[in-house]
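Note: the block below is protein.cif and it holds mmCIF, C-alpha atoms.
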data_model
#
loop_
_atom_site.group_PDB
_atom_site.id
_atom_site.type_symbol
_atom_site.label_atom_id
_atom_site.label_comp_id
_atom_site.auth_asym_id
_atom_site.auth_seq_id
_atom_site.Cartn_x
_atom_site.Cartn_y
_atom_site.Cartn_z
ATOM 1 C CA MET A 2 -31.443 -19.819 -22.673
ATOM 2 C CA THR A 3 -30.732 -21.293 -19.267
ATOM 3 C CA VAL A 4 -32.176 -24.689 -20.210
ATOM 4 C CA TYR A 5 -29.217 -25.521 -22.462
ATOM 5 C CA PRO A 6 -26.690 -25.923 -19.614
ATOM 6 C CA PHE A 7 -29.223 -28.225 -17.919
ATOM 7 C CA ILE A 8 -29.430 -30.421 -21.034
ATOM 8 C CA ALA A 9 -25.633 -30.464 -21.276
ATOM 9 C CA ALA A 10 -25.392 -31.514 -17.622
ATOM 10 C CA GLU A 11 -27.911 -34.308 -18.208
ATOM 11 C CA LYS A 12 -25.884 -35.544 -21.179
ATOM 12 C CA ALA A 13 -22.666 -35.410 -19.138
ATOM 13 C CA ALA A 14 -24.396 -37.539 -16.500
ATOM 14 C CA GLY A 15 -25.121 -40.245 -19.123
ATOM 15 C CA ARG A 16 -28.762 -39.455 -19.670
ATOM 16 C CA ARG A 17 -30.388 -39.206 -23.077
ATOM 17 C CA VAL A 18 -30.458 -35.838 -24.821
ATOM 18 C CA GLU A 19 -33.841 -36.637 -26.338
ATOM 19 C CA ARG A 20 -35.500 -36.959 -22.948
ATOM 20 C CA ALA A 21 -33.839 -33.815 -21.548
ATOM 21 C CA CYS A 22 -34.998 -31.888 -24.602
ATOM 22 C CA ALA A 23 -38.519 -33.217 -24.223
ATOM 23 C CA LEU A 24 -38.607 -32.207 -20.547
ATOM 24 C CA THR A 25 -37.478 -28.658 -21.326
ATOM 25 C CA GLY A 26 -39.461 -28.236 -24.537
ATOM 26 C CA VAL A 27 -36.345 -27.613 -26.645
ATOM 27 C CA SER A 28 -35.648 -29.300 -29.964
ATOM 28 C CA ARG A 29 -32.527 -31.378 -30.338
ATOM 29 C CA SER A 30 -31.396 -29.308 -33.307
ATOM 30 C CA ALA A 31 -31.622 -26.126 -31.207
ATOM 31 C CA TYR A 32 -29.593 -27.737 -28.433
ATOM 32 C CA TYR A 33 -26.830 -28.909 -30.800
ATOM 33 C CA GLN A 34 -26.749 -25.503 -32.434
ATOM 34 C CA TRP A 35 -26.271 -23.930 -28.979
ATOM 35 C CA ARG A 36 -23.530 -26.410 -28.140
ATOM 36 C CA GLU A 37 -21.580 -25.609 -31.295
ATOM 37 C CA ARG A 38 -21.917 -21.853 -30.901
ATOM 38 C CA LYS A 39 -18.797 -19.674 -30.700
ATOM 39 C CA PRO A 40 -18.322 -17.047 -27.976
ATOM 40 C CA SER A 41 -18.858 -13.453 -29.046
ATOM 41 C CA ALA A 42 -15.929 -11.100 -29.618
ATOM 42 C CA HIS A 43 -16.890 -9.215 -26.435
ATOM 43 C CA ALA A 44 -16.977 -12.418 -24.378
ATOM 44 C CA SER A 45 -13.589 -13.466 -25.749
ATOM 45 C CA ALA A 46 -12.162 -10.049 -24.942
ATOM 46 C CA ASP A 47 -13.540 -10.310 -21.399
ATOM 47 C CA GLU A 48 -11.835 -13.669 -20.913
ATOM 48 C CA ALA A 49 -8.489 -12.260 -22.083
ATOM 49 C CA LEU A 50 -8.915 -9.232 -19.824
ATOM 50 C CA LYS A 51 -9.782 -11.498 -16.888
ATOM 51 C CA GLU A 52 -6.421 -13.238 -17.252
ATOM 52 C CA ARG A 53 -4.618 -9.886 -17.082
ATOM 53 C CA ILE A 54 -6.680 -8.764 -14.078
ATOM 54 C CA ILE A 55 -6.005 -12.000 -12.196
ATOM 55 C CA ARG A 56 -2.258 -11.641 -12.846
ATOM 56 C CA ILE A 57 -2.168 -7.994 -11.723
ATOM 57 C CA HIS A 58 -4.192 -8.779 -8.588
ATOM 58 C CA LYS A 59 -1.871 -11.668 -7.745
ATOM 59 C CA GLU A 60 1.267 -9.567 -8.289
ATOM 60 C CA SER A 61 -0.171 -6.952 -5.899
ATOM 61 C CA LYS A 62 -0.375 -9.671 -3.243
ATOM 62 C CA GLY A 63 -4.145 -9.507 -3.456
ATOM 63 C CA THR A 64 -4.267 -5.863 -2.363
ATOM 64 C CA TYR A 65 -5.343 -3.929 -5.477
ATOM 65 C CA GLY A 66 -8.940 -2.906 -6.001
ATOM 66 C CA ALA A 67 -10.441 -1.817 -9.331
ATOM 67 C CA PRO A 68 -8.786 1.664 -9.428
ATOM 68 C CA ARG A 69 -5.204 0.356 -9.114
ATOM 69 C CA VAL A 70 -5.875 -2.647 -11.357
ATOM 70 C CA LEU A 71 -7.201 -0.215 -13.979
ATOM 71 C CA ALA A 72 -4.136 2.003 -13.519
ATOM 72 C CA GLN A 73 -1.829 -0.955 -14.152
ATOM 73 C CA LEU A 74 -3.840 -1.991 -17.214
ATOM 74 C CA VAL A 75 -3.513 1.519 -18.628
ATOM 75 C CA ARG A 76 0.254 1.394 -17.985
ATOM 76 C CA ASP A 77 0.294 -1.891 -19.924
ATOM 77 C CA GLY A 78 -1.473 -0.251 -22.853
ATOM 78 C CA VAL A 79 -4.917 -1.775 -22.258
ATOM 79 C CA CYS A 80 -7.876 0.541 -22.774
ATOM 80 C CA CYS A 81 -10.966 -0.233 -20.680
ATOM 81 C CA SER A 82 -13.270 1.322 -18.087
ATOM 82 C CA LYS A 83 -13.198 1.110 -14.305
ATOM 83 C CA LYS A 84 -16.760 -0.284 -14.380
ATOM 84 C CA ARG A 85 -15.667 -3.147 -16.633
ATOM 85 C CA VAL A 86 -12.667 -3.944 -14.440
ATOM 86 C CA ALA A 87 -14.876 -3.959 -11.336
ATOM 87 C CA ARG A 88 -17.390 -6.266 -13.053
ATOM 88 C CA LEU A 89 -14.745 -8.751 -14.150
ATOM 89 C CA MET A 90 -13.050 -8.684 -10.746
ATOM 90 C CA ALA A 91 -16.389 -9.461 -9.094
ATOM 91 C CA SER A 92 -16.989 -12.352 -11.520
ATOM 92 C CA CYS A 93 -13.592 -13.788 -10.489
ATOM 93 C CA GLY A 94 -14.217 -13.249 -6.778
ATOM 94 C CA LEU A 95 -11.420 -10.667 -6.550
ATOM 95 C CA ALA A 96 -11.484 -7.577 -4.342
ATOM 96 C CA GLY A 97 -9.075 -5.024 -2.933
ATOM 97 C CA ARG A 98 -8.333 -4.527 0.740
ATOM 98 C CA GLU A 99 -10.475 -2.015 2.662
ATOM 99 C CA LYS A 100 -8.926 0.116 5.393
ATOM 100 C CA ARG A 101 -9.805 -0.297 9.058
ATOM 101 C CA GLN A 102 -9.717 2.344 11.762
ATOM 102 C CA SER A 103 -6.291 2.381 13.414
ATOM 103 C CA LYS A 104 -5.300 2.830 17.049
ATOM 104 C CA LYS A 105 -2.951 5.508 18.337
ATOM 105 C CA THR A 106 0.412 4.796 19.938
ATOM 106 C CA THR A 107 1.417 8.411 20.584
ATOM 107 C CA GLU A 108 2.547 9.296 24.080
ATOM 108 C CA ALA A 109 2.372 13.072 23.892
ATOM 109 C CA ASP A 110 4.980 15.094 25.700
ATOM 110 C CA PRO A 111 3.274 18.077 27.379
ATOM 111 C CA ALA A 112 6.647 19.808 27.597
ATOM 112 C CA ALA A 113 7.199 19.767 23.811
ATOM 113 C CA ALA A 114 8.829 23.070 22.987
ATOM 114 C CA ALA A 115 6.706 25.741 21.341
ATOM 115 C CA THR A 116 9.782 26.588 19.282
ATOM 116 C CA ASN A 117 8.949 23.628 16.989
ATOM 117 C CA PRO A 118 5.662 24.538 15.292
ATOM 118 C CA ASP A 119 3.875 22.639 12.529
ATOM 119 C CA LEU A 120 5.815 23.733 9.436
ATOM 120 C CA LEU A 121 3.662 21.743 6.994
ATOM 121 C CA GLN A 122 0.158 22.922 7.941
ATOM 122 C CA ARG A 123 -1.262 19.787 6.245
ATOM 123 C CA ARG A 124 0.454 20.520 2.940
ATOM 124 C CA PHE A 125 0.997 16.916 1.849
ATOM 125 C CA SER A 126 0.966 17.141 -1.945
ATOM 126 C CA SER A 127 3.942 15.362 -3.508
ATOM 127 C CA LYS A 128 4.048 18.120 -6.151
ATOM 128 C CA GLU A 129 4.749 20.829 -3.583
ATOM 129 C CA PHE A 130 8.067 19.495 -2.315
ATOM 130 C CA ALA A 131 11.300 18.124 -3.761
ATOM 131 C CA LEU A 132 12.912 14.855 -2.717
ATOM 132 C CA ASN A 133 14.765 15.048 0.608
ATOM 133 C CA GLN A 134 12.994 18.296 1.450
ATOM 134 C CA VAL A 135 10.390 16.899 3.893
ATOM 135 C CA TRP A 136 10.333 13.602 5.776
ATOM 136 C CA VAL A 137 7.340 12.475 7.838
ATOM 137 C CA ALA A 138 7.507 9.907 10.624
ATOM 138 C CA ASP A 139 5.409 7.971 13.106
ATOM 139 C CA ILE A 140 5.244 4.804 15.241
ATOM 140 C CA THR A 141 2.721 1.975 15.121
ATOM 141 C CA TYR A 142 2.242 -1.374 16.828
ATOM 142 C CA LEU A 143 2.380 -4.912 15.381
ATOM 143 C CA ARG A 144 0.764 -7.834 17.204
ATOM 144 C CA THR A 145 2.901 -11.015 17.348
ATOM 145 C CA TRP A 146 2.548 -14.245 19.299
ATOM 146 C CA GLU A 147 5.498 -13.106 21.421
ATOM 147 C CA GLY A 148 3.767 -9.833 22.295
ATOM 148 C CA TRP A 149 3.782 -6.352 20.820
ATOM 149 C CA ALA A 150 6.385 -5.187 18.331
ATOM 150 C CA TYR A 151 6.680 -1.517 17.415
ATOM 151 C CA LEU A 152 7.505 -0.088 13.996
ATOM 152 C CA ALA A 153 8.939 3.377 13.394
ATOM 153 C CA THR A 154 9.122 4.695 9.826
ATOM 154 C CA VAL A 155 10.498 7.696 7.963
ATOM 155 C CA ILE A 156 8.814 8.595 4.647
ATOM 156 C CA ASP A 157 9.935 11.057 1.989
ATOM 157 C CA LEU A 158 6.881 13.254 1.448
ATOM 158 C CA ALA A 159 7.625 13.910 -2.227
ATOM 159 C CA SER A 160 7.932 10.294 -3.367
ATOM 160 C CA ARG A 161 6.094 8.518 -0.522
ATOM 161 C CA ARG A 162 9.108 6.205 -0.283
ATOM 162 C CA VAL A 163 9.885 4.653 3.102
ATOM 163 C CA VAL A 164 13.493 5.726 3.459
ATOM 164 C CA GLY A 165 14.048 4.401 6.972
ATOM 165 C CA PHE A 166 12.375 2.061 9.453
ATOM 166 C CA ALA A 167 13.054 0.104 12.625
ATOM 167 C CA VAL A 168 11.251 -2.675 14.538
ATOM 168 C CA ALA A 169 11.709 -3.314 18.273
ATOM 169 C CA ASP A 170 9.905 -4.601 21.370
ATOM 170 C CA HIS A 171 9.796 -1.106 22.913
ATOM 171 C CA MET A 172 8.843 2.500 22.110
ATOM 172 C CA ARG A 173 11.885 4.241 23.542
ATOM 173 C CA ALA A 174 13.631 7.082 21.740
ATOM 174 C CA SER A 175 16.246 4.685 20.386
ATOM 175 C CA LEU A 176 13.555 3.174 18.127
ATOM 176 C CA VAL A 177 12.919 6.413 16.232
ATOM 177 C CA CYS A 178 16.629 7.240 16.256
ATOM 178 C CA GLN A 179 17.364 3.931 14.557
ATOM 179 C CA ALA A 180 14.753 4.592 11.853
ATOM 180 C CA LEU A 181 16.139 8.083 11.263
ATOM 181 C CA GLU A 182 19.731 6.840 11.129
ATOM 182 C CA MET A 183 18.743 4.328 8.442
ATOM 183 C CA ALA A 184 17.183 7.149 6.408
ATOM 184 C CA LEU A 185 20.211 9.400 6.904
ATOM 185 C CA GLY A 186 22.589 6.672 5.808
ATOM 186 C CA ALA A 187 20.565 5.924 2.695
ATOM 187 C CA ARG A 188 19.779 9.495 1.615
ATOM 188 C CA GLN A 189 22.534 11.762 2.998
ATOM 189 C CA PRO A 190 20.244 14.844 2.983
ATOM 190 C CA VAL A 191 21.470 18.432 2.733
ATOM 191 C CA PRO A 192 20.922 20.732 5.758
ATOM 192 C CA GLY A 193 17.506 22.344 5.947
ATOM 193 C CA LEU A 194 15.409 19.218 5.521
ATOM 194 C CA ILE A 195 12.127 19.316 7.492
ATOM 195 C CA PHE A 196 11.367 16.341 9.753
ATOM 196 C CA HIS A 197 7.666 16.202 10.634
ATOM 197 C CA SER A 198 6.083 13.998 13.323
ATOM 198 C CA ASP A 199 3.589 14.101 16.159
ATOM 199 C CA ARG A 200 4.563 15.408 19.609
ATOM 200 C CA GLY A 201 5.319 11.980 21.039
ATOM 201 C CA SER A 202 7.942 11.827 23.748
ATOM 202 C CA GLN A 203 10.267 9.852 21.464
ATOM 203 C CA TYR A 204 10.418 12.672 18.912
ATOM 204 C CA THR A 205 10.809 15.403 21.514
ATOM 205 C CA SER A 206 13.495 13.550 23.483
ATOM 206 C CA LYS A 207 16.904 15.099 23.917
ATOM 207 C CA VAL A 208 18.768 12.334 22.079
ATOM 208 C CA PHE A 209 16.508 12.570 19.054
ATOM 209 C CA ARG A 210 16.624 16.353 18.874
ATOM 210 C CA GLU A 211 20.422 16.216 19.092
ATOM 211 C CA LEU A 212 20.478 13.828 16.118
ATOM 212 C CA LEU A 213 18.354 16.255 14.108
ATOM 213 C CA ALA A 214 20.607 19.176 15.037
ATOM 214 C CA LYS A 215 23.729 17.234 14.050
ATOM 215 C CA TRP A 216 22.408 16.970 10.503
ATOM 216 C CA GLY A 217 20.976 20.482 10.319
ATOM 217 C CA ILE A 218 17.398 19.162 10.145
ATOM 218 C CA ARG A 219 14.478 21.409 11.094
ATOM 219 C CA GLN A 220 11.887 19.780 13.338
ATOM 220 C CA SER A 221 8.172 20.174 12.680
ATOM 221 C CA LEU A 222 5.581 18.908 15.177
ATOM 222 C CA SER A 223 1.876 18.272 14.723
ATOM 223 C CA ARG A 224 -0.561 20.129 16.896
ATOM 224 C CA PRO A 225 -1.731 18.263 20.029
ATOM 225 C CA ARG A 226 -4.485 15.678 19.365
ATOM 226 C CA GLN A 227 -4.570 16.442 15.631
ATOM 227 C CA CYS A 228 -3.876 13.133 13.867
ATOM 228 C CA TRP A 229 -4.625 14.667 10.449
ATOM 229 C CA ASP A 230 -1.559 16.874 10.864
ATOM 230 C CA ASN A 231 0.468 13.718 10.174
ATOM 231 C CA ALA A 232 -1.906 12.134 7.661
ATOM 232 C CA VAL A 233 0.715 10.690 5.280
ATOM 233 C CA ALA A 234 2.420 8.645 8.004
ATOM 234 C CA GLU A 235 -0.963 7.542 9.386
ATOM 235 C CA SER A 236 -2.104 6.531 5.895
ATOM 236 C CA PHE A 237 0.996 4.404 5.340
ATOM 237 C CA PHE A 238 0.371 2.457 8.542
ATOM 238 C CA ALA A 239 -3.260 1.875 7.585
ATOM 239 C CA THR A 240 -2.078 0.504 4.231
ATOM 240 C CA LEU A 241 0.638 -1.658 5.804
ATOM 241 C CA LYS A 242 -1.794 -3.264 8.227
ATOM 242 C CA LEU A 243 -4.463 -3.750 5.596
ATOM 243 C CA GLU A 244 -2.166 -5.299 3.015
ATOM 244 C CA LEU A 245 0.231 -7.178 5.302
ATOM 245 C CA VAL A 246 -0.445 -7.423 9.041
ATOM 246 C CA TYR A 247 -4.153 -8.332 8.922
ATOM 247 C CA ARG A 248 -3.536 -10.997 6.287
ATOM 248 C CA GLN A 249 -0.921 -13.215 7.919
ATOM 249 C CA PRO A 250 0.148 -14.324 11.396
ATOM 250 C CA LEU A 251 3.347 -12.922 12.864
ATOM 251 C CA PRO A 252 4.650 -15.597 15.263
ATOM 252 C CA THR A 253 7.722 -13.691 16.459
ATOM 253 C CA ARG A 254 9.115 -10.177 16.419
ATOM 254 C CA ALA A 255 11.824 -11.431 14.083
ATOM 255 C CA ALA A 256 9.120 -12.683 11.722
ATOM 256 C CA ALA A 257 7.424 -9.281 11.932
ATOM 257 C CA HIS A 258 10.682 -7.530 11.023
ATOM 258 C CA HIS A 259 11.233 -9.869 8.074
ATOM 259 C CA ALA A 260 7.666 -9.413 6.802
ATOM 260 C CA VAL A 261 7.880 -5.623 7.130
ATOM 261 C CA PHE A 262 11.221 -5.561 5.309
ATOM 262 C CA ASP A 263 9.846 -7.609 2.389
ATOM 263 C CA TYR A 264 6.695 -5.494 2.157
ATOM 264 C CA ILE A 265 8.504 -2.151 2.233
ATOM 265 C CA GLU A 266 11.628 -2.884 0.207
ATOM 266 C CA LEU A 267 10.315 -5.403 -2.331
ATOM 267 C CA PHE A 268 6.720 -4.290 -2.841
ATOM 268 C CA TYR A 269 5.737 -0.893 -1.434
ATOM 269 C CA ASN A 270 8.785 1.125 -2.488
ATOM 270 C CA ARG A 271 9.419 -0.599 -5.800
ATOM 271 C CA LYS A 272 6.113 -1.871 -7.203
ATOM 272 C CA ARG A 273 3.011 -0.538 -5.463
ATOM 273 C CA LEU A 274 1.183 2.102 -7.508
ATOM 274 C CA HIS A 275 0.360 5.284 -5.571
ATOM 275 C CA SER A 276 -2.617 7.395 -6.580
ATOM 276 C CA SER A 277 -0.878 10.507 -5.197
ATOM 277 C CA LEU A 278 2.025 9.876 -7.603
ATOM 278 C CA GLY A 279 -0.147 9.451 -10.679
ATOM 279 C CA TYR A 280 -0.229 5.690 -10.150
ATOM 280 C CA ARG A 281 3.526 5.266 -10.111
ATOM 281 C CA SER A 282 5.684 3.506 -7.543
ATOM 282 C CA PRO A 283 7.980 5.571 -5.283
ATOM 283 C CA ALA A 284 11.036 4.112 -7.018
ATOM 284 C CA GLU A 285 9.643 5.007 -10.440
ATOM 285 C CA TYR A 286 8.835 8.530 -9.268
ATOM 286 C CA GLU A 287 12.334 9.031 -7.871
ATOM 287 C CA ALA A 288 13.931 7.696 -11.054
ATOM 288 C CA SER A 289 12.641 10.777 -12.845
ATOM 289 C CA HIS A 290 13.729 13.234 -10.137
ATOM 290 C CA THR A 291 17.094 14.242 -8.692
ATOM 291 C CA VAL A 292 17.727 13.375 -5.045
ATOM 292 C CA PRO A 293 19.872 16.121 -3.438
ATOM 293 C CA THR A 294 22.466 14.706 -1.050
ATOM 294 C CA ALA A 295 25.343 15.933 1.112
ATOM 295 C CA ALA A 296 28.387 14.436 2.742
ATOM 296 C CA THR A 297 28.039 12.762 6.136
ATOM 297 C CA PRO A 298 28.602 15.307 8.938
ATOM 298 C CA ALA A 299 31.529 14.907 11.259
ATOM 299 C CA ALA A 300 30.909 13.122 14.548
#
Just give me the structure as structure tokens.
Amino acid sequence: MTVYPFIAAEKAAGRRVERACALTGVSRSAYYQWRERKPSAHASADEALKERIIRIHKESKGTYGAPRVLAQLVRDGVCCSKKRVARLMASCGLAGREKRQSKKTTEADPAAAATNPDLLQRRFSSKEFALNQVWVADITYLRTWEGWAYLATVIDLASRRVVGFAVADHMRASLVCQALEMALGARQPVPGLIFHSDRGSQYTSKVFRELLAKWGIRQSLSRPRQCWDNAVAESFFATLKLELVYRQPLPTRAAAHHAVFDYIELFYNRKRLHSSLGYRSPAEYEASHTVPTAATPAA
């Protein structure tokens, strides 16, 4: 009954229990019996589960909603339903981050060669490709107090791991070259890898295409004005902004670079559970797969 907490509050305030009971029409014996009651097994289990949920939500930097919290609980050997997790999260005031609509930064090159068609045709399943077989890339913007910073990333389609990235105050071709060079240095891919991006002028520039040719990489370009042709890269940026950029100020471009590095290398690649990977992290997925590599090509 809801009157019992009222009586308890009156007692805590120094008022007489007898009078509070008389006002509410409850006997003193009933009140004391309520006060000495023990929580039910279900209530106790809920409290223990709440502690786990709060810890998981905190370790995700406040980004996980009920589906990923449930996935982590299952990985920890806890059996429960998504509805129960959602209810307990709501009771604790916890919620995941919801995606916003993103803006485009693509500067399409009308002279992009027709000899580089879309080789993926929206085939983005991680099960369809091996590691170092397809990389997807894109550029996005980051607002700082100093002005815009731009982030270029390279993602392995199979594991969803960010294998290369670069942050700068410009969108010149050197930005995407730097991101690709980081990926090449880390992964040393064999010739024949597919590099997929939109038809932005950075990706169709001479210097970038020469870098691809040097490593024997095949270029794949999205169709004009078809953002879904590069959905994996777009999805990563939506997640990055939702879980990082929209949640903290970025005073300088250096601060933006540091925040992006921490998010990608310490959280996203190593810990964040991906639904497309069966709720595993990219690092965990790659640990169970062989990454084909080759020697660095001659200059």
Using all atoms listed in the file for the distances, tell me which of A:Ala72, A:Ile54, A:Val135, A:Cys80 is nearest to Ala96 of chain A.
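The answer is A:Ile54, which sits nearest to Ala96 of chain A.
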Please identify all polymer residues within 8 Å of Asp199 of chain A, counting only C-alpha atoms, omitting same-chain residues fewer than 5 positions from it, and present them as a ChimeraX atom specification.
/A:107,109,138-139,204,222-225,228,230-231
Please, what is the axis-aligned box for every listed atom of segment 164-170 of chain A with 4 Å on each side, as centre and edge lengths in Å to one decimal, as AutoDock Vina command-line options?
--center_x 12.0 --center_y 0.6 --center_z 12.4 --size_x 12.1 --size_y 18.3 --size_z 25.9
When you draw a straight line from atom CA of Arg53 of chain A to atom CA of Pro250 of chain A, how long is it in Å?
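Separating atom CA of Arg53 of chain A from atom CA of Pro250 of chain A is a distance of 29.2 Å.
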Atom CA of Leu194 of chain A and atom CA of Trp216 of chain A are how many Å apart?
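Distance reported for this atom pair: 8.9 Å.
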Evaluated on this file, the PyMOL selection byres ((chain A and resi 272-283) around 8) picks out some residues - which ones are they, written as a PyMOL selection string?
chain A and resi 61+69+72-73+126-127+160-162+267-271+284-287
Selection to disk with C-alpha atoms, as a PDB file, in the coordinates of the input:
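And here is the file that came out, result37.pdb:
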ATOM      1  CA  SER A  61      -0.171  -6.952  -5.899  1.00  0.00           C
ATOM      2  CA  ARG A  69      -5.204   0.356  -9.114  1.00  0.00           C
ATOM      3  CA  ALA A  72      -4.136   2.003 -13.519  1.00  0.00           C
ATOM      4  CA  GLN A  73      -1.829  -0.955 -14.152  1.00  0.00           C
ATOM      5  CA  SER A 126       0.966  17.141  -1.945  1.00  0.00           C
ATOM      6  CA  SER A 127       3.942  15.362  -3.508  1.00  0.00           C
ATOM      7  CA  SER A 160       7.932  10.294  -3.367  1.00  0.00           C
ATOM      8  CA  ARG A 161       6.094   8.518  -0.522  1.00  0.00           C
ATOM      9  CA  ARG A 162       9.108   6.205  -0.283  1.00  0.00           C
ATOM     10  CA  LEU A 267      10.315  -5.403  -2.331  1.00  0.00           C
ATOM     11  CA  PHE A 268       6.720  -4.290  -2.841  1.00  0.00           C
ATOM     12  CA  TYR A 269       5.737  -0.893  -1.434  1.00  0.00           C
ATOM     13  CA  ASN A 270       8.785   1.125  -2.488  1.00  0.00           C
ATOM     14  CA  ARG A 271       9.419  -0.599  -5.800  1.00  0.00           C
ATOM     15  CA  ALA A 284      11.036   4.112  -7.018  1.00  0.00           C
ATOM     16  CA  GLU A 285       9.643   5.007 -10.440  1.00  0.00           C
ATOM     17  CA  TYR A 286       8.835   8.530  -9.268  1.00  0.00           C
ATOM     18  CA  GLU A 287      12.334   9.031  -7.871  1.00  0.00           C
TER      19      GLU A 287
END
With distances taken over only C-alpha atoms, the candidate from A:Thr141, A:Ala167, A:Ser92, A:Leu50 nearest Ala255 of chain A is A:Ala167
Quick one, how far is atom CA of Leu243 of chain A from atom CA of Gly66 of chain A?
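Value for the atom CA of Leu243 of chain A-atom CA of Gly66 of chain A distance: 12.5 Å.
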Quick one: apply the PyMOL selection byres ((chain A and resi 120) around 10) to the file and drop the selected residues here as a PDB file with C-alpha atoms, in the coordinates of the input.
ATOM      1  CA  ASN A 117       8.949  23.628  16.989  1.00  0.00           C
ATOM      2  CA  PRO A 118       5.662  24.538  15.292  1.00  0.00           C
ATOM      3  CA  ASP A 119       3.875  22.639  12.529  1.00  0.00           C
ATOM      4  CA  LEU A 121       3.662  21.743   6.994  1.00  0.00           C
ATOM      5  CA  GLN A 122       0.158  22.922   7.941  1.00  0.00           C
ATOM      6  CA  ARG A 123      -1.262  19.787   6.245  1.00  0.00           C
ATOM      7  CA  ARG A 124       0.454  20.520   2.940  1.00  0.00           C
ATOM      8  CA  VAL A 135      10.390  16.899   3.893  1.00  0.00           C
ATOM      9  CA  ILE A 195      12.127  19.316   7.492  1.00  0.00           C
ATOM     10  CA  PHE A 196      11.367  16.341   9.753  1.00  0.00           C
ATOM     11  CA  HIS A 197       7.666  16.202  10.634  1.00  0.00           C
ATOM     12  CA  ARG A 219      14.478  21.409  11.094  1.00  0.00           C
ATOM     13  CA  GLN A 220      11.887  19.780  13.338  1.00  0.00           C
ATOM     14  CA  SER A 221       8.172  20.174  12.680  1.00  0.00           C
ATOM     15  CA  LEU A 222       5.581  18.908  15.177  1.00  0.00           C
ATOM     16  CA  SER A 223       1.876  18.272  14.723  1.00  0.00           C
TER      17      SER A 223
END
List as a CSV table (one decimal) with C-alpha atoms, keeping the file's coordinate frame the protein and nucleic acid residues near Glu244 of chain A, meaning an atom at most 6 Å away when only C-alpha atoms are counted, but skip any in the same chain fewer than 3 places from it.
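Okay, this is what ended up in part-v1.csv:
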chain,number,residue,atom,x,y,z
A,64,THR,CA,-4.3,-5.9,-2.4
A,240,THR,CA,-2.1,0.5,4.2
A,241,LEU,CA,0.6,-1.7,5.8
Kindly provide, as an MDAnalysis selection string, the polymer residues lying within 12 Å of (13.4, -3.4, 24.7), counting all atoms listed in the file and using the coordinates exactly as they appear in the file.
chainID A and resid 148:151 168:176 254
From the list A:Ser206, A:Val163, A:Ala234, A:Leu185, the nearest residue to Ile140 of chain A using all atoms listed in the file is A:Ala234
Of the listed residues A:Ser45, A:Gly97, A:Phe130, A:Glu52, that which approaches Ala67 of chain A most closely, counting only C-alpha atoms
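The shortest atom-to-atom distance to Ala67 of chain A comes from A:Gly97.
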Using the chain letters and numbers from this file, what does the PyMOL selection byres ((chain A and resi 89) around 12) select? Give the answer as a PyMOL selection string.
chain A and resi 44+46-55+58+66-67+70-71+81-88+90-96
Selection: 9 Å around Pro252 of chain A, all atoms listed in the file, excl. self and same-chain fewer than 6 positions, as number ranges by chain
A: 144-147
From the set A:Val75, A:Lys128, A:Phe209, A:Ile156, which residue has the shortest atom-to-atom contact distance to Ser236 of chain A, counting all atoms listed in the file?
A:Ile156
